[in-house]
Every structure is written in C-alpha cells, then in structure tokens.
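run_20.pdb, holding PDB, C-alpha atoms:
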ATOM      1  CA  PHE F   1       0.000   0.000   0.000
ATOM      2  CA  PRO F   2       2.699   2.610   0.858
ATOM      3  CA  ILE F   3       4.699   1.610  -2.243
ATOM      4  CA  THR F   4       1.743   2.073  -4.588
ATOM      5  CA  THR F   5       0.729   5.270  -2.772
ATOM      6  CA  ASN F   6       4.214   6.703  -3.364
ATOM      7  CA  LEU F   7       4.070   5.553  -6.990
ATOM      8  CA  TRP F   8       0.811   7.390  -7.677
ATOM      9  CA  GLY F   9       2.147  10.391  -5.781
ATOM     10  CA  ALA F  10       4.992  10.455  -8.306
ATOM     11  CA  ILE F  11       2.615  10.191 -11.273
ATOM     12  CA  ILE F  12      -0.342  12.384 -10.332
ATOM     13  CA  PRO F  13       0.240  16.039  -9.390
ATOM     14  CA  LEU F  14      -1.776  17.750  -6.634
ATOM     15  CA  GLN F  15      -1.467  15.171  -3.836
ATOM     16  CA  GLY F  16      -1.811  12.108  -6.061
ATOM     17  CA  GLY F  17      -0.748   9.763  -3.265
ATOM     18  CA  VAL F  18      -3.452  11.048  -0.917
ATOM     19  CA  LEU F  19      -6.052  10.818  -3.702
ATOM     20  CA  TYR F  20      -5.023   7.253  -4.524
ATOM     21  CA  SER F  21      -5.020   6.123  -0.883
ATOM     22  CA  ALA F  22      -8.460   7.640  -0.286
ATOM     23  CA  MET F  23      -9.966   5.899  -3.347
ATOM     24  CA  PHE F  24      -8.188   2.593  -2.610
ATOM     25  CA  LEU F  25      -9.302   2.395   1.022
ATOM     26  CA  LYS F  26     -12.866   3.363   0.137
ATOM     27  CA  LYS F  27     -13.189   0.743  -2.604
ATOM     28  CA  LYS F  28     -11.421  -2.151  -0.870
ATOM     29  CA  TYR F  29     -12.179  -1.564   2.809
ATOM     30  CA  GLN F  30     -15.160   0.835   2.715
ATOM     31  CA  VAL F  31     -13.225   3.488   4.621
ATOM     32  CA  MET F  32     -14.834   6.888   4.173
ATOM     33  CA  ILE F  33     -12.693   9.377   2.249
ATOM     34  CA  LYS F  34     -13.011  11.938   5.058
ATOM     35  CA  ASP F  35     -11.645   9.322   7.497
ATOM     36  CA  THR F  36      -8.620   8.696   5.248
ATOM     37  CA  LEU F  37      -8.011  12.443   5.085
ATOM     38  CA  SER F  38      -8.319  12.634   8.890
ATOM     39  CA  ILE F  39      -5.609   9.967   9.191
ATOM     40  CA  ASN F  40      -3.318  11.930   6.870
ATOM     41  CA  VAL F  41      -3.942  15.135   8.830
ATOM     42  CA  PHE F  42      -3.168  13.259  12.069
ATOM     43  CA  ILE F  43       0.128  11.850  10.760
ATOM     44  CA  TYR F  44       1.296  15.180   9.353
ATOM     45  CA  SER F  45       0.176  17.034  12.474
ATOM     46  CA  ILE F  46       2.434  14.859  14.651
ATOM     47  CA  LEU F  47       5.313  15.368  12.203
ATOM     48  CA  MET F  48       4.716  19.141  12.114
ATOM     49  CA  SER F  49       4.714  19.397  15.921
ATOM     50  CA  PHE F  50       7.901  17.328  16.085
ATOM     51  CA  THR F  51       9.475  19.541  13.420
ATOM     52  CA  GLY F  52       8.347  22.733  15.146
ATOM     53  CA  LEU F  53       9.822  21.619  18.476
ATOM     54  CA  VAL F  54      13.211  20.869  16.883
ATOM     55  CA  GLY F  55      13.049  24.203  15.021
ATOM     56  CA  ILE F  56      12.411  26.084  18.266
ATOM     57  CA  VAL F  57      15.325  24.327  20.013
ATOM     58  CA  PHE F  58      17.572  25.024  17.007
ATOM     59  CA  SER F  59      16.580  28.715  16.984
ATOM     60  CA  VAL F  60      17.138  29.173  20.719
ATOM     61  CA  THR F  61      20.399  27.236  20.973
ATOM     62  CA  GLY F  62      21.876  28.441  17.666
ATOM     63  CA  GLY F  63      24.264  31.328  17.473
ATOM     64  CA  GLN F  64      21.783  33.596  15.674
ATOM     65  CA  LEU F  65      17.996  33.812  16.027
ATOM     66  CA  VAL F  66      16.312  33.920  12.605
ATOM     67  CA  LEU F  67      12.926  35.402  13.493
ATOM     68  CA  PRO F  68      10.864  34.117  10.497
ATOM     69  CA  PHE F  69      12.224  30.583  11.033
ATOM     70  CA  PHE F  70      11.467  30.809  14.777
ATOM     71  CA  ILE F  71       7.881  31.992  14.134
ATOM     72  CA  ILE F  72       7.270  29.226  11.572
ATOM     73  CA  SER F  73       8.594  26.682  14.088
ATOM     74  CA  ILE F  74       6.136  27.918  16.735
ATOM     75  CA  VAL F  75       3.240  27.756  14.251
ATOM     76  CA  PHE F  76       4.218  24.179  13.345
ATOM     77  CA  PHE F  77       4.589  23.122  16.988
ATOM     78  CA  LEU F  78       1.152  24.503  17.932
ATOM     79  CA  ASN F  79      -0.678  23.115  14.881
ATOM     80  CA  PRO F  80      -2.921  20.703  16.882
ATOM     81  CA  LEU F  81      -4.192  23.660  18.929
ATOM     82  CA  GLU F  82      -4.684  25.660  15.733
ATOM     83  CA  LEU F  83      -6.725  22.836  14.193
ATOM     84  CA  PHE F  84      -8.783  22.557  17.382
ATOM     85  CA  ILE F  85      -9.582  26.296  17.224
ATOM     86  CA  ALA F  86     -10.360  26.035  13.500
ATOM     87  CA  GLY F  87     -12.831  23.216  14.255
ATOM     88  CA  LYS F  88     -14.568  25.354  16.887
ATOM     89  CA  ILE F  89     -14.795  28.285  14.466
ATOM     90  CA  LEU F  90     -16.188  26.105  11.672
ATOM     91  CA  ASN F  91     -18.718  24.649  14.109
ATOM     92  CA  GLY F  92     -20.014  28.143  14.840
ATOM     93  CA  ILE F  93     -20.286  29.196  11.202
ATOM     94  CA  GLN F  94     -23.536  28.642   9.368
ATOM     95  CA  ILE F  95     -23.551  29.466   5.654
ATOM     96  CA  LYS F  96     -27.093  30.080   4.442
ATOM     97  CA  ASN F  97     -28.216  29.914   0.820
ATOM     98  CA  LEU F  98     -24.821  28.578  -0.282
ATOM     99  CA  LYS F  99     -25.195  24.811  -0.199
ATOM    100  CA  LEU F 100     -21.819  24.017  -1.803
ATOM    101  CA  LEU F 101     -19.848  26.174   0.654
ATOM    102  CA  ASN F 102     -21.799  24.703   3.548
ATOM    103  CA  GLU F 103     -20.938  21.161   2.361
ATOM    104  CA  ILE F 104     -17.254  22.097   2.087
ATOM    105  CA  ARG F 105     -17.395  23.563   5.613
ATOM    106  CA  LYS F 106     -18.980  20.357   6.909
ATOM    107  CA  ILE F 107     -16.389  18.128   5.202
ATOM    108  CA  ILE F 108     -13.482  20.142   6.617
ATOM    109  CA  LYS F 109     -15.073  20.094  10.074
ATOM    110  CA  ASP F 110     -15.583  16.308   9.876
ATOM    111  CA  ILE F 111     -11.913  15.845   8.910
ATOM    112  CA  ILE F 112     -10.775  18.001  11.850
ATOM    113  CA  ASP F 113     -13.150  16.142  14.211
ATOM    114  CA  GLY F 114     -11.674  12.818  13.058
ATOM    115  CA  PHE F 115      -8.184  14.167  13.625
ATOM    116  CA  LEU F 116      -9.068  15.335  17.159
ATOM    117  CA  ARG F 117     -10.593  11.943  18.049
ATOM    118  CA  SER F 118      -7.317  10.282  17.073
ATOM    119  CA  LEU F 119      -5.254  12.923  18.869
ATOM    120  CA  PHE F 120      -7.142  12.505  22.151
ATOM    121  CA  ASN F 121      -6.653   8.725  21.983
ATOM    122  CA  MET F 122      -3.463   8.671  24.059
ATOM    123  CA  ARG F 123      -2.428   5.143  23.059
ATOM    124  CA  THR F 124      -2.706   5.929  19.348
ATOM    125  CA  THR F 125      -0.914   9.270  19.735
ATOM    126  CA  ILE F 126       1.966   7.849  21.805
ATOM    127  CA  ILE F 127       2.509   4.949  19.368
ATOM    128  CA  LEU F 128       2.505   7.333  16.399
ATOM    129  CA  ILE F 129       4.959   9.673  18.157
ATOM    130  CA  ILE F 130       7.315   6.714  18.754
ATOM    131  CA  ILE F 131       7.031   5.547  15.128
ATOM    132  CA  THR F 132       7.540   9.113  13.878
ATOM    133  CA  GLY F 133      10.610   9.430  16.096
ATOM    134  CA  ILE F 134      12.133   6.184  14.770
ATOM    135  CA  HIS F 135      11.346   7.086  11.155
ATOM    136  CA  THR F 136      12.771  10.571  11.659
ATOM    137  CA  LEU F 137      15.976   9.226  13.212
ATOM    138  CA  LEU F 138      16.544   6.837  10.296
ATOM    139  CA  SER F 139      15.829   9.614   7.805
ATOM    140  CA  ILE F 140      18.294  11.963   9.551
ATOM    141  CA  VAL F 141      21.034   9.297   9.436
ATOM    142  CA  TRP F 142      20.185   8.712   5.769
ATOM    143  CA  TYR F 143      20.596  12.428   4.899
ATOM    144  CA  TYR F 144      23.676  12.835   7.088
ATOM    145  CA  TRP F 145      25.544  10.055   5.297
ATOM    146  CA  ALA F 146      24.345  11.329   1.924
ATOM    147  CA  PHE F 147      25.954  14.706   2.689
ATOM    148  CA  ARG F 148      29.097  12.907   3.868
ATOM    149  CA  ALA F 149      29.174  10.922   0.604
ATOM    150  CA  PHE F 150      29.392  14.225  -1.291
ATOM    151  CA  ASP F 151      32.060  15.490   1.125
ATOM    152  CA  PHE F 152      29.775  18.288   2.333
ATOM    153  CA  GLU F 153      30.665  19.360   5.863
ATOM    154  CA  ILE F 154      27.155  20.077   7.186
ATOM    155  CA  PRO F 155      26.675  20.350  10.987
ATOM    156  CA  PHE F 156      24.619  17.452  12.348
ATOM    157  CA  LEU F 157      21.996  19.710  13.974
ATOM    158  CA  THR F 158      21.546  21.501  10.635
ATOM    159  CA  VAL F 159      20.951  18.124   8.976
ATOM    160  CA  VAL F 160      18.325  17.332  11.636
ATOM    161  CA  VAL F 161      16.435  20.588  11.059
ATOM    162  CA  TYR F 162      16.776  20.319   7.268
ATOM    163  CA  ASN F 163      15.488  16.754   7.232
ATOM    164  CA  LEU F 164      12.426  17.519   9.337
ATOM    165  CA  PHE F 165      11.376  20.616   7.428
ATOM    166  CA  ILE F 166      12.048  19.145   3.989
ATOM    167  CA  ARG F 167       9.763  16.188   4.728
ATOM    168  CA  LEU F 168       6.910  18.649   5.138
ATOM    169  CA  THR F 169       7.255  19.739   1.497
ATOM    170  CA  ALA F 170       5.052  16.729   0.741
ATOM    171  CA  LEU F 171       2.188  18.989   1.843
ATOM    172  CA  LEU F 172       3.037  21.256  -1.113
ATOM    173  CA  ALA F 173       3.006  18.499  -3.737
ATOM    174  CA  PHE F 174       1.648  20.310  -6.789
ATOM    175  CA  THR F 175       3.828  18.539  -9.358
ATOM    176  CA  PRO F 176       4.473  14.834 -10.095
ATOM    177  CA  ALA F 177       6.967  13.511  -7.515
ATOM    178  CA  ASN F 178       7.098  17.083  -6.185
ATOM    179  CA  ILE F 179       9.681  17.889  -8.868
ATOM    180  CA  GLY F 180      10.871  21.472  -8.586
ATOM    181  CA  ILE F 181       9.035  22.158  -5.326
ATOM    182  CA  GLY F 182      11.376  19.990  -3.264
ATOM    183  CA  GLU F 183      14.496  21.477  -4.850
ATOM    184  CA  LEU F 184      13.268  25.045  -4.385
ATOM    185  CA  ALA F 185      12.358  24.346  -0.748
ATOM    186  CA  SER F 186      15.746  22.672  -0.157
ATOM    187  CA  ALA F 187      17.655  25.653  -1.528
ATOM    188  CA  GLY F 188      15.562  28.146   0.446
ATOM    189  CA  LEU F 189      15.863  26.189   3.680
ATOM    190  CA  PHE F 190      19.639  25.835   3.324
ATOM    191  CA  GLY F 191      19.850  29.571   2.703
ATOM    192  CA  ILE F 192      17.945  30.239   5.956
ATOM    193  CA  LEU F 193      20.238  27.808   7.777
ATOM    194  CA  GLU F 194      23.258  29.729   6.398
ATOM    195  CA  GLN F 195      24.488  26.852   4.249
ATOM    196  CA  ASN F 196      25.191  26.613   0.524
ATOM    197  CA  PRO F 197      21.794  26.233  -1.255
ATOM    198  CA  ALA F 198      23.453  24.435  -4.191
ATOM    199  CA  GLN F 199      24.536  21.625  -1.871
ATOM    200  CA  ALA F 200      20.949  20.976  -0.788
ATOM    201  CA  VAL F 201      19.739  20.795  -4.389
TER     202      VAL F 201
END

Output the file's structure in the form of structure tokens.
Amino acid sequence: FPITTNLWGAIIPLQGGVLYSAMFLKKKYQVMIKDTLSINVFIYSILMSFTGLVGIVFSVTGGQLVLPFFIISIVFFLNPLELFIAGKILNGIQIKNLKLLNEIRKIIKDIIDGFLRSLFNMRTTIILIIITGIHTLLSIVWYYWAFRAFDFEIPFLTVVVYNLFIRLTALLAFTPANIGIGELASAGLFGILEQNPAQAV
C-alpha cells in the first residue's frame, strides 16, 4: 500500500498519493474518504509538531535567532491547537443559501473532528509519536551520510532541522513527484540555515 501510494504520488500532481489512498481504502475496505483524510492530517500534524519543536530548540540554541524561522517553528509546533480552534470556528459558522460552501465547511469540520478523536486517543498518539521518532531518526542518518558521501561538511543539527522541514514539502506536492518544489524548498531552507543552497539541491 505505501509503495503504490508513493508511486501514484509520483505520477499524479496535486497530492496524487493522498487521492489514490483515499480511493483505494474506500473501494477495498469501505473506509470513508473523510476518514482517510483525517488519518493523513493526524500523521502530518504529529510530524509538524515534532518539526516545530526541533526548530524552536535550534533557533534558541543556535548562534543567531532567525525570526521568520522561529515563528514558523512555533506555528508548526502549535498546529494541533490551531486545528482545534479552527474546528470550533467552523462549528459556529452557518452558511445560508450557499449549499456548496456549507458542504465544504462540513467536510473540513468532519476531517478536523476525526483528527481530534485520534489525537485525544493517548495510546494511538503515543505509538505514532514513537514511530515518527524512529522514522525521523533513520531519515536523519540517511541524509547525514548522503551529505558525507558528497564530502559536504554540514553540521549534524543543521541536517536534523533540514530533514524535518524538507519532509513537510510533501504537503506542497503540486507537481508529479514534487519535482521542482522539493528542490526550491531545499535551496531556500539551506539559505535560511546559512548553508550553501546548491549543496541541498
């Protein structure tokens, strides 16, 4: 399932992997599309919080505080709270005489509600945090040795921050295999981290 999801993500632009997984799970296991989207939001929310926390630590302990990077890190870290507030706001909004907009509002609210149910399930959340931590650690080691293979002397903490933030570019997948988006994000992030952008690309 993850292999085919990644394959379709590389073929179809605009979140092809998410689209494929939603259709696959609905057809084979009768999982509602909004539930699949809730799962994806849950997974990325944990990753974003993890990334935001590391970004905050990096900003505070680094030699120079880059304010935009620090603010983005805080926004990422607090994303579950932001989604909770967004759900409350959507719950209080009633759109009259605009059926389509009201349906979109309801779908988004249902996705956020599904995410919050998963988040408040402590066992599920703790297990996902552990899995995310293991996956992140392996990914960091992978990137670190890739940089070493090219003889790029990149500080380990920079590799950690780079790895976490670059994984979130999957949320901006508007091209097949995220071609162009990933490279642009890599160069920009390395520039913020005061490294050579060409090395990241």

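The shell of residues at most 7 Å from Lys109 in chain F, with all atoms listed in the file counted and near chain neighbours (fewer than 3 positions) removed, consists of Gly87, Leu90, Arg105, Lys106, Ile112 and Asp113 of chain F.
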
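Here the PyMOL selection byres ((chain F and resi 128) around 12) captures the residues Ile39, Phe42, Ile43, Tyr44, Ser45, Ile46, Leu47, Phe50, Ser118, Leu119, Asn121, Met122, Arg123, Thr124, Thr125, Ile126, Ile127, Ile129, Ile130, Ile131, Thr132, Gly133, Ile134, His135 and Thr136 of chain F.
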
Expected selection from the PyMOL selection byres ((chain F and resi 110) around 12), given as a PyMOL selection string:
chain F and resi 32-39+41+83-84+86-88+90-91+103-109+111-117

So which residues get picked by the PyMOL selection byres ((chain F and resi 73-76) around 9) here, written as number ranges by chain?
F: 45, 47-56, 59, 68-72, 77-80, 82

Extending 6 Å beyond the listed atoms of range 100-108 of chain F on each side, what axis-aligned box results? I want centre and edge lengths in Å to one decimal, as lines of an AutoDock Vina configuration file.
center_x = -17.7
center_y = 22.2
center_z = 2.6
size_x = 20.3
size_y = 20.0
size_z = 20.7

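Near (18.6, 27.3, 2.1), the residues inside the 12 Å limit, counting only C-alpha atoms, come to Phe69, Thr158, Val159, Val161, Tyr162, Phe165, Ile166, Gly182, Glu183, Leu184, Ala185, Ser186, Ala187, Gly188, Leu189, Phe190, Gly191, Ile192, Leu193, Glu194, Gln195, Asn196, Pro197, Ala198, Gln199, Ala200 and Val201 of chain F.
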
Please indicate the distance in Å from CA of Asn178 in chain F to CA of Arg148 in chain F, rounded to one decimal place.
24.5 Å

Taking all atoms listed in the file into account, which of F:Tyr29, F:Gly62, F:Asn6, F:Lys99 comes nearest Pro155 in chain F?
F:Gly62

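Here the question is which of F:Trp142, F:Leu157, F:Ile95, F:Ile3 gets nearest to Val57 in chain F using all atoms listed in the file, and that residue is F:Leu157.
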
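A straight line drawn from CA of Phe147 in chain F to CA of Ala170 in chain F is 21.1 Å long.
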
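Going from CA of Arg167 in chain F over to CA of Tyr20 in chain F, you cover 19.6 Å.
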
All residues 12 Å or closer to Thr5 in chain F, all atoms listed in the file, same chain fewer than 6 positions away omitted, as a list of chain:residue names:
F:Ile11, F:Ile12, F:Gln15, F:Gly16, F:Gly17, F:Val18, F:Leu19, F:Tyr20, F:Ser21, F:Ala22, F:Met23, F:Phe24, F:Leu25, F:Ala177

Could you please fill out range 37-48 of chain F with all heavy atoms and send it back as an mmCIF file, in the coordinates of the input?
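Final output, result04.cif:
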data_model
loop_
_atom_site.group_PDB
_atom_site.id
_atom_site.type_symbol
_atom_site.label_atom_id
_atom_site.label_comp_id
_atom_site.auth_asym_id
_atom_site.auth_seq_id
_atom_site.Cartn_x
_atom_site.Cartn_y
_atom_site.Cartn_z
ATOM 1 N N LEU F 37 -8.605 11.110 4.998
ATOM 2 C CA LEU F 37 -8.011 12.443 5.085
ATOM 3 C C LEU F 37 -7.702 12.813 6.537
ATOM 4 O O LEU F 37 -6.686 13.453 6.823
ATOM 5 C CB LEU F 37 -8.944 13.476 4.454
ATOM 6 C CG LEU F 37 -9.156 13.327 2.942
ATOM 7 C CD1 LEU F 37 -10.161 14.352 2.443
ATOM 8 C CD2 LEU F 37 -7.849 13.469 2.185
ATOM 9 N N SER F 38 -8.567 12.388 7.462
ATOM 10 C CA SER F 38 -8.319 12.634 8.890
ATOM 11 C C SER F 38 -7.043 11.946 9.346
ATOM 12 O O SER F 38 -6.250 12.500 10.114
ATOM 13 C CB SER F 38 -9.495 12.131 9.732
ATOM 14 O OG SER F 38 -10.651 12.878 9.489
ATOM 15 N N ILE F 39 -6.822 10.717 8.853
ATOM 16 C CA ILE F 39 -5.609 9.967 9.191
ATOM 17 C C ILE F 39 -4.373 10.705 8.683
ATOM 18 O O ILE F 39 -3.376 10.848 9.399
ATOM 19 C CB ILE F 39 -5.669 8.542 8.591
ATOM 20 C CG1 ILE F 39 -6.767 7.720 9.281
ATOM 21 C CG2 ILE F 39 -4.320 7.835 8.727
ATOM 22 C CD1 ILE F 39 -7.104 6.427 8.570
ATOM 23 N N ASN F 40 -4.448 11.194 7.442
ATOM 24 C CA ASN F 40 -3.318 11.930 6.870
ATOM 25 C C ASN F 40 -3.034 13.214 7.646
ATOM 26 O O ASN F 40 -1.881 13.556 7.898
ATOM 27 C CB ASN F 40 -3.597 12.252 5.395
ATOM 28 C CG ASN F 40 -3.308 11.092 4.466
ATOM 29 O OD1 ASN F 40 -2.169 10.831 4.103
ATOM 30 N ND2 ASN F 40 -4.338 10.374 4.091
ATOM 31 N N VAL F 41 -4.103 13.918 8.030
ATOM 32 C CA VAL F 41 -3.942 15.135 8.830
ATOM 33 C C VAL F 41 -3.295 14.797 10.167
ATOM 34 O O VAL F 41 -2.395 15.510 10.639
ATOM 35 C CB VAL F 41 -5.303 15.836 9.051
ATOM 36 C CG1 VAL F 41 -5.183 16.960 10.083
ATOM 37 C CG2 VAL F 41 -5.837 16.397 7.743
ATOM 38 N N PHE F 42 -3.712 13.689 10.778
ATOM 39 C CA PHE F 42 -3.168 13.259 12.069
ATOM 40 C C PHE F 42 -1.669 12.973 11.959
ATOM 41 O O PHE F 42 -0.860 13.445 12.768
ATOM 42 C CB PHE F 42 -3.934 12.018 12.539
ATOM 43 C CG PHE F 42 -3.499 11.485 13.881
ATOM 44 C CD1 PHE F 42 -3.293 12.333 14.954
ATOM 45 C CD2 PHE F 42 -3.308 10.130 14.059
ATOM 46 C CE1 PHE F 42 -2.897 11.842 16.193
ATOM 47 C CE2 PHE F 42 -2.926 9.619 15.291
ATOM 48 C CZ PHE F 42 -2.713 10.481 16.352
ATOM 49 N N ILE F 43 -1.281 12.217 10.944
ATOM 50 C CA ILE F 43 0.128 11.850 10.760
ATOM 51 C C ILE F 43 0.981 13.093 10.537
ATOM 52 O O ILE F 43 2.033 13.271 11.166
ATOM 53 C CB ILE F 43 0.276 10.866 9.574
ATOM 54 C CG1 ILE F 43 -0.341 9.510 9.947
ATOM 55 C CG2 ILE F 43 1.746 10.698 9.185
ATOM 56 C CD1 ILE F 43 -0.446 8.539 8.791
ATOM 57 N N TYR F 44 0.513 13.979 9.649
ATOM 58 C CA TYR F 44 1.296 15.180 9.353
ATOM 59 C C TYR F 44 1.295 16.161 10.520
ATOM 60 O O TYR F 44 2.253 16.914 10.716
ATOM 61 C CB TYR F 44 0.787 15.855 8.081
ATOM 62 C CG TYR F 44 1.398 15.272 6.831
ATOM 63 C CD1 TYR F 44 0.653 14.466 5.972
ATOM 64 C CD2 TYR F 44 2.732 15.510 6.518
ATOM 65 C CE1 TYR F 44 1.223 13.923 4.834
ATOM 66 C CE2 TYR F 44 3.308 14.969 5.380
ATOM 67 C CZ TYR F 44 2.549 14.183 4.540
ATOM 68 O OH TYR F 44 3.124 13.640 3.415
ATOM 69 N N SER F 45 0.238 16.158 11.311
ATOM 70 C CA SER F 45 0.176 17.034 12.474
ATOM 71 C C SER F 45 1.244 16.650 13.488
ATOM 72 O O SER F 45 1.938 17.518 14.042
ATOM 73 C CB SER F 45 -1.208 16.967 13.127
ATOM 74 O OG SER F 45 -1.235 17.712 14.324
ATOM 75 N N ILE F 46 1.399 15.341 13.730
ATOM 76 C CA ILE F 46 2.434 14.859 14.651
ATOM 77 C C ILE F 46 3.816 15.247 14.122
ATOM 78 O O ILE F 46 4.674 15.745 14.865
ATOM 79 C CB ILE F 46 2.338 13.332 14.823
ATOM 80 C CG1 ILE F 46 1.016 12.925 15.489
ATOM 81 C CG2 ILE F 46 3.535 12.809 15.637
ATOM 82 C CD1 ILE F 46 0.847 13.382 16.909
ATOM 83 N N LEU F 47 4.027 15.033 12.812
ATOM 84 C CA LEU F 47 5.313 15.368 12.203
ATOM 85 C C LEU F 47 5.584 16.872 12.285
ATOM 86 O O LEU F 47 6.711 17.301 12.578
ATOM 87 C CB LEU F 47 5.342 14.903 10.748
ATOM 88 C CG LEU F 47 6.629 15.200 9.960
ATOM 89 C CD1 LEU F 47 7.841 14.561 10.637
ATOM 90 C CD2 LEU F 47 6.499 14.722 8.528
ATOM 91 N N MET F 48 4.554 17.687 12.054
ATOM 92 C CA MET F 48 4.716 19.141 12.114
ATOM 93 C C MET F 48 5.070 19.604 13.524
ATOM 94 O O MET F 48 5.932 20.473 13.708
ATOM 95 C CB MET F 48 3.441 19.841 11.627
ATOM 96 C CG MET F 48 3.253 19.819 10.130
ATOM 97 S SD MET F 48 1.756 20.675 9.604
ATOM 98 C CE MET F 48 2.236 22.384 9.887
#
